[in-house]
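Colleague: First the structure, which I've put down as structure tokens, then a few questions once you've had a look.
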Amino acid sequence: MRVLFTGINHRTAPVELRECFASAGDTGSHLEAFRTRFPGCECVIVSTCNRFELYAARPLHGKPKSDDLLTFLSERFGVPMGQVASASIHREQDQAVAHLFRVCCGLDSMVLGEPQVLGQVKRAYQTAAEAAAAGPVLHKVFQHAIATAKHARTETGIDAGRVSVGSVAADLARQVFADFADKTVLGIGAGEIAKLTLRHLMGLKPHRLWLVNRTHQNAQALAEAIHLPASIGGAQPWEQRDELLAEADIVVTCTGSTEPILTPQRFKPILKRRRYRPMFVIDLAMPRDASPELGSMTNVYLYNIDDLQSVVASSLGQRGDQAQACEQHVAAAVTACMSQITHADLGQLIQKLRDKLNELGRDERERTLKKLGQHPDPQALDDALGEHTHRLINKILHLPLSQLNQHHSDAPLGFYAAAIRRLFDLDEDTGAKAGPAQAPVKPPPGVGVDGTGSGQDKPAATSP
Amino acid sequence: MPLANPITTLILSALTVLSVFATVGALKRLRHPERAFTASVRQRLIVAAIALTTLGLFIRFWLAEGGWQPVTSHRDGLLLMSFMLAGTIFFIQNRARLVGLSAFALPVLTFVLGWAICSSAWTYHPFDLPTLHPVWRGIHLAGVYLGTACCGVAAMAGGMYLYVQARLKRKHNLGGMGLLASLEALENIIIRAAILGFVLLTLGLASGVVVISEDSTSLPSGWWFTPKIVLSTLAWLVYALLMNVRYAIGFRGRRAAWLSIIGLALLLATYAVVNRLPASTAESETDPGTEAAPTVSSVYPVEGG
């Protein structure tokens, strides 16, 4: 089996393109579509506001190839093929595995070492496992990735002392406002990252902090989660959001709306009502809640998730040592993981080779028996020939198989395995068929949602 | 026209060079705040040296004149302004969130020092003090020079406001903004400095009008429409608006910052017009042998140096 990865992320694709991927359906439907199109393949989709990544495992000479994956993404999300191709990255085998490991460790995040992405990968894996889209290969890869990320984070401390989006938002608020004793904060939506940001903003001791949500109970739950004192504010009805916007100096928005809820048309009368007092708008949603045009309006300072994360990233130059140590962990873990995958593949290959040779031996034995004609004890003769054939096959196989099981730096295992497949015409379909489609695979223990949160790379769709 | 003491010119030139040096350091520090410590110490020493030296020169010239009037020429006024600006910069360098303001204040200080060199070495002209009422003259000079210094502070804050706002809007290099004050704090500085400047300018202009009206017979016709009157009135109106931007819809933030800069530009233009316009010299040249009459130029002694 080959491990593939194709996807877009904050480094390769602009926020507009990521919005297209984030707003089109849920991960379950994407997995179903993938399995319908490529039966017998394994698939896990990691979809956050920073990335949309598709990990697949397919038979060696089967589909999908990289072009098939790009076509799938293009058709599925209605984005022109050229745009997807130019904004996506494609990796195979150890490079694909290494990418996943780096993502889990937070090495590929805009905020170096941020922990939220690990929880998001866990949830993506759990979703794929429940949908029986993850098979033996991806189970192994994802379990390794999660375990490696935990180990690397503990060993290197890469996620310690980090600057978060919430703290950057609070710092930027301090750059706009000097005194918060007369300022009002408004939270729209109840996403996880909004909760973290509001906690930081509460540290500024604002005069008022209101929360609104389409589902009022969610706003109340958020108020409780951030321990918002009733004397400062609380949950307000969704219908009053315009009145609250006119009062608010800092707005944190993080809804799951697929269309912008803060548009220039809505904002102009609000700004006039507030006499053009400065307003700091933090848009943490993906797709974005605030139209980009808002940022050019008088005394409105609009920051989206990319803006905040780029500020965070720029302040992390001094953490190169931790990143380097983490990269070493990843490199060692990738080698171990790929070795296990290859050996699992090799076990199946050896079994197939044995079966093939045994089949040949059986044919030859029957032919020999026919030539020998009548024998006083046909059963004894048959047993003797059978043992002879079996021993012969074992002796023939012993040397090449023992060589295969030894590691030679100058002789990649995959090369010999491919050569054996080719030389002995050992098809890989059997292994693939025994993959994800056969039986639902339960998620392995220890990979369920553990409350790590979905802050930095929040799931694409968050209910408001 | 008497040439000033060359030592004074030399000292002022040295101060100007130091100020340029400090300006470059402050601008670099604005871009790379992490290289702060040595640059900060050097800058403080330079600013302290400029403040003390200009104060020393100002007192020396005051004592040399022998009277109670400290400002007897435009050069003295510029020295007073330089001292006040340097003192203000020294103060803000000790305020964590205002340190960046020195990058906007030091160029103004450099400009004023450079102007003081010109006033000292080439365009020195003592005010026509004996012809003016001493009390009104004192109020006028103090009001105009101190008011201009306050307006200078407002303009510096305005410049920094525009810079901070541009960085926030463009979202460029936001990592090192620790040296920069918040927009709200800068707007507060602009408004407070504008209020103080407006009060002092009002005193200065009102006392100037009183001085003029004392001898209205010597005023040429249409004096109220001369460039200096128009420019100073415009500047006064700008600061009248600026101190009320919080109540004027549409004038907050960026526009207030620009108003503070425009106001200072108008004041500087008034000084420049009064110093360079041929009207004053033309009138005095008509009768060079007689004692200078209190013309429009002389009743505005601050501009008549």
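We name chains A, B, ... following the order of the structure tokens; residues begin at 1 in each chain, and ligands are numbered from 1 as shown.
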Residues of chain A no more than 12 Å from chain B, counting only C-alpha atoms: send them over as a PyMOL selection string.
Modeller: chain A and resi 163+168-169+171-180+183+249+271-281+292-304+306-317
Colleague: Store the residues picked out above, limited to N, CA and C atoms, as a short mmCIF file (atom, residue, chain, number, x, y, z; two decimals), in the first residue's frame.
Modeller:
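Output file part-v6.cif is given in full below:
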```
data_model
loop_
_atom_site.label_atom_id
_atom_site.label_comp_id
_atom_site.auth_asym_id
_atom_site.auth_seq_id
_atom_site.Cartn_x
_atom_site.Cartn_y
_atom_site.Cartn_z
N VAL A 163 2.93 32.08 22.28
CA VAL A 163 2.07 33.25 22.13
C VAL A 163 0.84 32.77 21.39
N VAL A 168 -2.42 37.67 21.35
CA VAL A 168 -2.12 38.67 20.31
C VAL A 168 -3.31 39.60 20.11
N ALA A 169 -4.51 39.05 20.13
CA ALA A 169 -5.70 39.89 19.98
C ALA A 169 -5.77 40.90 21.11
N ASP A 171 -3.22 42.06 22.83
CA ASP A 171 -2.14 43.04 22.61
C ASP A 171 -2.54 44.08 21.56
N LEU A 172 -3.17 43.60 20.49
CA LEU A 172 -3.59 44.54 19.44
C LEU A 172 -4.69 45.47 19.96
N ALA A 173 -5.56 44.93 20.81
CA ALA A 173 -6.59 45.79 21.41
C ALA A 173 -5.94 46.90 22.23
N ARG A 174 -4.84 46.54 22.91
CA ARG A 174 -4.10 47.55 23.68
C ARG A 174 -3.43 48.57 22.77
N GLN A 175 -3.18 48.19 21.54
CA GLN A 175 -2.57 49.14 20.61
C GLN A 175 -3.61 50.13 20.08
N VAL A 176 -4.87 49.73 20.12
CA VAL A 176 -5.94 50.63 19.66
C VAL A 176 -6.47 51.46 20.83
N PHE A 177 -6.68 50.80 21.96
CA PHE A 177 -7.28 51.48 23.11
C PHE A 177 -6.29 51.58 24.25
N ALA A 178 -6.39 52.68 25.00
CA ALA A 178 -5.48 52.86 26.13
C ALA A 178 -6.13 52.40 27.43
N ASP A 179 -7.41 52.68 27.56
CA ASP A 179 -8.10 52.41 28.81
C ASP A 179 -9.33 51.56 28.51
N PHE A 180 -9.48 50.47 29.22
CA PHE A 180 -10.60 49.55 28.93
C PHE A 180 -11.73 49.68 29.95
N LYS A 183 -14.74 50.54 28.06
CA LYS A 183 -14.90 49.86 26.77
C LYS A 183 -15.85 48.67 26.89
N ASP A 249 -16.85 48.31 21.48
CA ASP A 249 -15.57 48.83 20.99
C ASP A 249 -14.71 47.71 20.44
N LEU A 271 -21.69 52.54 12.52
CA LEU A 271 -20.55 53.44 12.78
C LEU A 271 -21.03 54.87 13.00
N LYS A 272 -22.04 55.26 12.23
CA LYS A 272 -22.54 56.62 12.39
C LYS A 272 -23.18 56.78 13.76
N ARG A 273 -23.91 55.73 14.17
CA ARG A 273 -24.56 55.79 15.49
C ARG A 273 -23.52 55.90 16.60
N ARG A 274 -22.38 55.25 16.40
CA ARG A 274 -21.36 55.30 17.44
C ARG A 274 -20.39 56.47 17.23
N ARG A 275 -20.76 57.39 16.36
CA ARG A 275 -20.01 58.63 16.11
C ARG A 275 -18.56 58.34 15.71
N TYR A 276 -18.38 57.28 14.96
CA TYR A 276 -17.08 56.91 14.40
C TYR A 276 -16.01 56.69 15.46
N ARG A 277 -16.46 56.27 16.62
CA ARG A 277 -15.45 55.88 17.62
C ARG A 277 -14.69 54.67 17.09
N PRO A 278 -13.41 54.52 17.41
CA PRO A 278 -12.66 53.38 16.89
C PRO A 278 -13.29 52.05 17.31
N MET A 279 -13.17 51.08 16.42
CA MET A 279 -13.74 49.76 16.68
C MET A 279 -12.73 48.70 16.24
N PHE A 280 -12.48 47.75 17.10
CA PHE A 280 -11.53 46.67 16.82
C PHE A 280 -12.33 45.39 16.61
N VAL A 281 -12.28 44.87 15.39
CA VAL A 281 -13.07 43.68 15.04
C VAL A 281 -12.13 42.50 14.84
N PRO A 292 -14.16 41.73 4.07
CA PRO A 292 -12.86 42.41 4.12
C PRO A 292 -12.96 43.92 3.95
N GLU A 293 -14.03 44.39 3.29
CA GLU A 293 -14.20 45.84 3.07
C GLU A 293 -14.31 46.61 4.39
N LEU A 294 -14.71 45.92 5.42
CA LEU A 294 -14.84 46.59 6.73
C LEU A 294 -13.52 47.19 7.19
N GLY A 295 -12.44 46.51 6.83
CA GLY A 295 -11.12 46.94 7.27
C GLY A 295 -10.72 48.30 6.72
N SER A 296 -11.32 48.69 5.60
CA SER A 296 -10.97 49.99 5.02
C SER A 296 -11.90 51.10 5.49
N MET A 297 -12.85 50.78 6.35
CA MET A 297 -13.76 51.83 6.84
C MET A 297 -13.09 52.65 7.93
N THR A 298 -13.59 53.88 8.09
CA THR A 298 -12.96 54.82 9.02
C THR A 298 -12.99 54.28 10.45
N ASN A 299 -11.82 54.26 11.05
CA ASN A 299 -11.67 53.89 12.47
C ASN A 299 -12.14 52.48 12.78
N VAL A 300 -12.15 51.61 11.75
CA VAL A 300 -12.44 50.18 12.00
C VAL A 300 -11.15 49.41 11.75
N TYR A 301 -10.75 48.60 12.73
CA TYR A 301 -9.53 47.81 12.62
C TYR A 301 -9.94 46.34 12.61
N LEU A 302 -9.87 45.75 11.43
CA LEU A 302 -10.37 44.38 11.24
C LEU A 302 -9.19 43.40 11.14
N TYR A 303 -9.23 42.39 11.96
CA TYR A 303 -8.20 41.35 11.93
C TYR A 303 -8.87 39.99 11.81
N ASN A 304 -8.45 39.19 10.83
CA ASN A 304 -8.98 37.84 10.75
C ASN A 304 -7.94 36.85 11.30
N ASP A 306 -5.94 34.76 9.97
CA ASP A 306 -4.63 34.77 9.31
C ASP A 306 -3.77 35.92 9.82
N ASP A 307 -4.39 37.08 9.95
CA ASP A 307 -3.65 38.27 10.42
C ASP A 307 -3.07 38.01 11.81
N LEU A 308 -3.91 37.48 12.67
CA LEU A 308 -3.46 37.25 14.05
C LEU A 308 -2.36 36.20 14.09
N GLN A 309 -2.55 35.15 13.30
CA GLN A 309 -1.56 34.09 13.34
C GLN A 309 -0.22 34.54 12.74
N SER A 310 -0.28 35.42 11.77
CA SER A 310 0.99 35.89 11.20
C SER A 310 1.73 36.75 12.22
N VAL A 311 0.98 37.48 13.05
CA VAL A 311 1.62 38.26 14.12
C VAL A 311 2.28 37.31 15.12
N VAL A 312 1.54 36.27 15.45
CA VAL A 312 2.08 35.29 16.40
C VAL A 312 3.34 34.66 15.83
N ALA A 313 3.25 34.27 14.56
CA ALA A 313 4.38 33.58 13.94
C ALA A 313 5.61 34.47 13.92
N SER A 314 5.41 35.77 13.71
CA SER A 314 6.56 36.67 13.61
C SER A 314 7.25 36.85 14.95
N SER A 315 6.56 36.52 16.03
CA SER A 315 7.17 36.72 17.35
C SER A 315 7.78 35.43 17.89
N LEU A 316 7.92 34.44 17.04
CA LEU A 316 8.38 33.14 17.54
C LEU A 316 9.74 32.73 16.98
N GLY A 317 10.48 33.69 16.50
CA GLY A 317 11.76 33.36 15.88
C GLY A 317 12.74 32.69 16.82
#
```
Colleague: Please report, as a ChimeraX atom specification, each residue of segment 105-233 of chain B to which DSSP assigns alpha helix (DSSP H) when run on this structure's backbone.
Modeller: /B:105-121,134-170,183-214,227-233
Colleague: Skipping near chain neighbours, those fewer than 2 positions away, what residues fall within 7 Å of Val144 of chain B using only C-alpha atoms, listed as a ChimeraX atom specification?
Modeller: /B:140-142,146-148,200-201,204
Colleague: Could you write out, as an MDAnalysis selection string, all the residues of segment 214-338 of chain A that DSSP marks as strand (DSSP E or B)?
Modeller: chainID A and resid 233:236 250:253 262 279:283 290 300:304
Colleague: For Leu45 of chain B, find every residue with an atom within 12 Å (counting only C-alpha atoms), except residues of its own chain fewer than 2 positions away, and show them as a PyMOL selection string.
Modeller: chain B and resi 15+18-19+21-22+38-43+47-53+86-87+89-90+93
Colleague: Which of these residues is nearest to Gly82 of chain A, using only C-alpha atoms: A:Lys395, A:His10, A:Arg199, A:Leu70?
Modeller: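 Result for the nearest residue to Gly82 of chain A: A:Leu70.
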Colleague: Excluding Ala344 of chain A and its own-chain neighbours fewer than 6 positions away, which residues fall within 10 Å of it when counting only C-alpha atoms? Please give them as a PyMOL selection string.
Modeller: chain A and resi 1+136-137+338
Colleague: May I have the selected residues written with N, CA, C and O atoms, as an mmCIF file, in the first residue's frame?
Modeller:
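Dumped everything to out-v3.cif:
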```cif
data_model
loop_
_atom_site.group_PDB
_atom_site.id
_atom_site.type_symbol
_atom_site.label_atom_id
_atom_site.label_comp_id
_atom_site.auth_asym_id
_atom_site.auth_seq_id
_atom_site.Cartn_x
_atom_site.Cartn_y
_atom_site.Cartn_z
ATOM 1 N N MET A 1 0.853 -1.202 0.000
ATOM 2 C CA MET A 1 0.000 0.000 0.000
ATOM 3 C C MET A 1 0.886 1.249 0.000
ATOM 4 O O MET A 1 1.950 1.267 0.604
ATOM 5 N N PRO A 136 -6.100 -0.435 7.913
ATOM 6 C CA PRO A 136 -4.911 -0.795 8.712
ATOM 7 C C PRO A 136 -3.744 0.167 8.533
ATOM 8 O O PRO A 136 -3.065 0.492 9.507
ATOM 9 N N VAL A 137 -3.534 0.627 7.310
ATOM 10 C CA VAL A 137 -2.364 1.486 7.074
ATOM 11 C C VAL A 137 -2.539 2.842 7.750
ATOM 12 O O VAL A 137 -1.675 3.306 8.500
ATOM 13 N N MET A 338 7.241 4.027 8.975
ATOM 14 C CA MET A 338 7.316 3.500 7.609
ATOM 15 C C MET A 338 7.862 2.079 7.613
ATOM 16 O O MET A 338 7.450 1.243 6.800
#
```
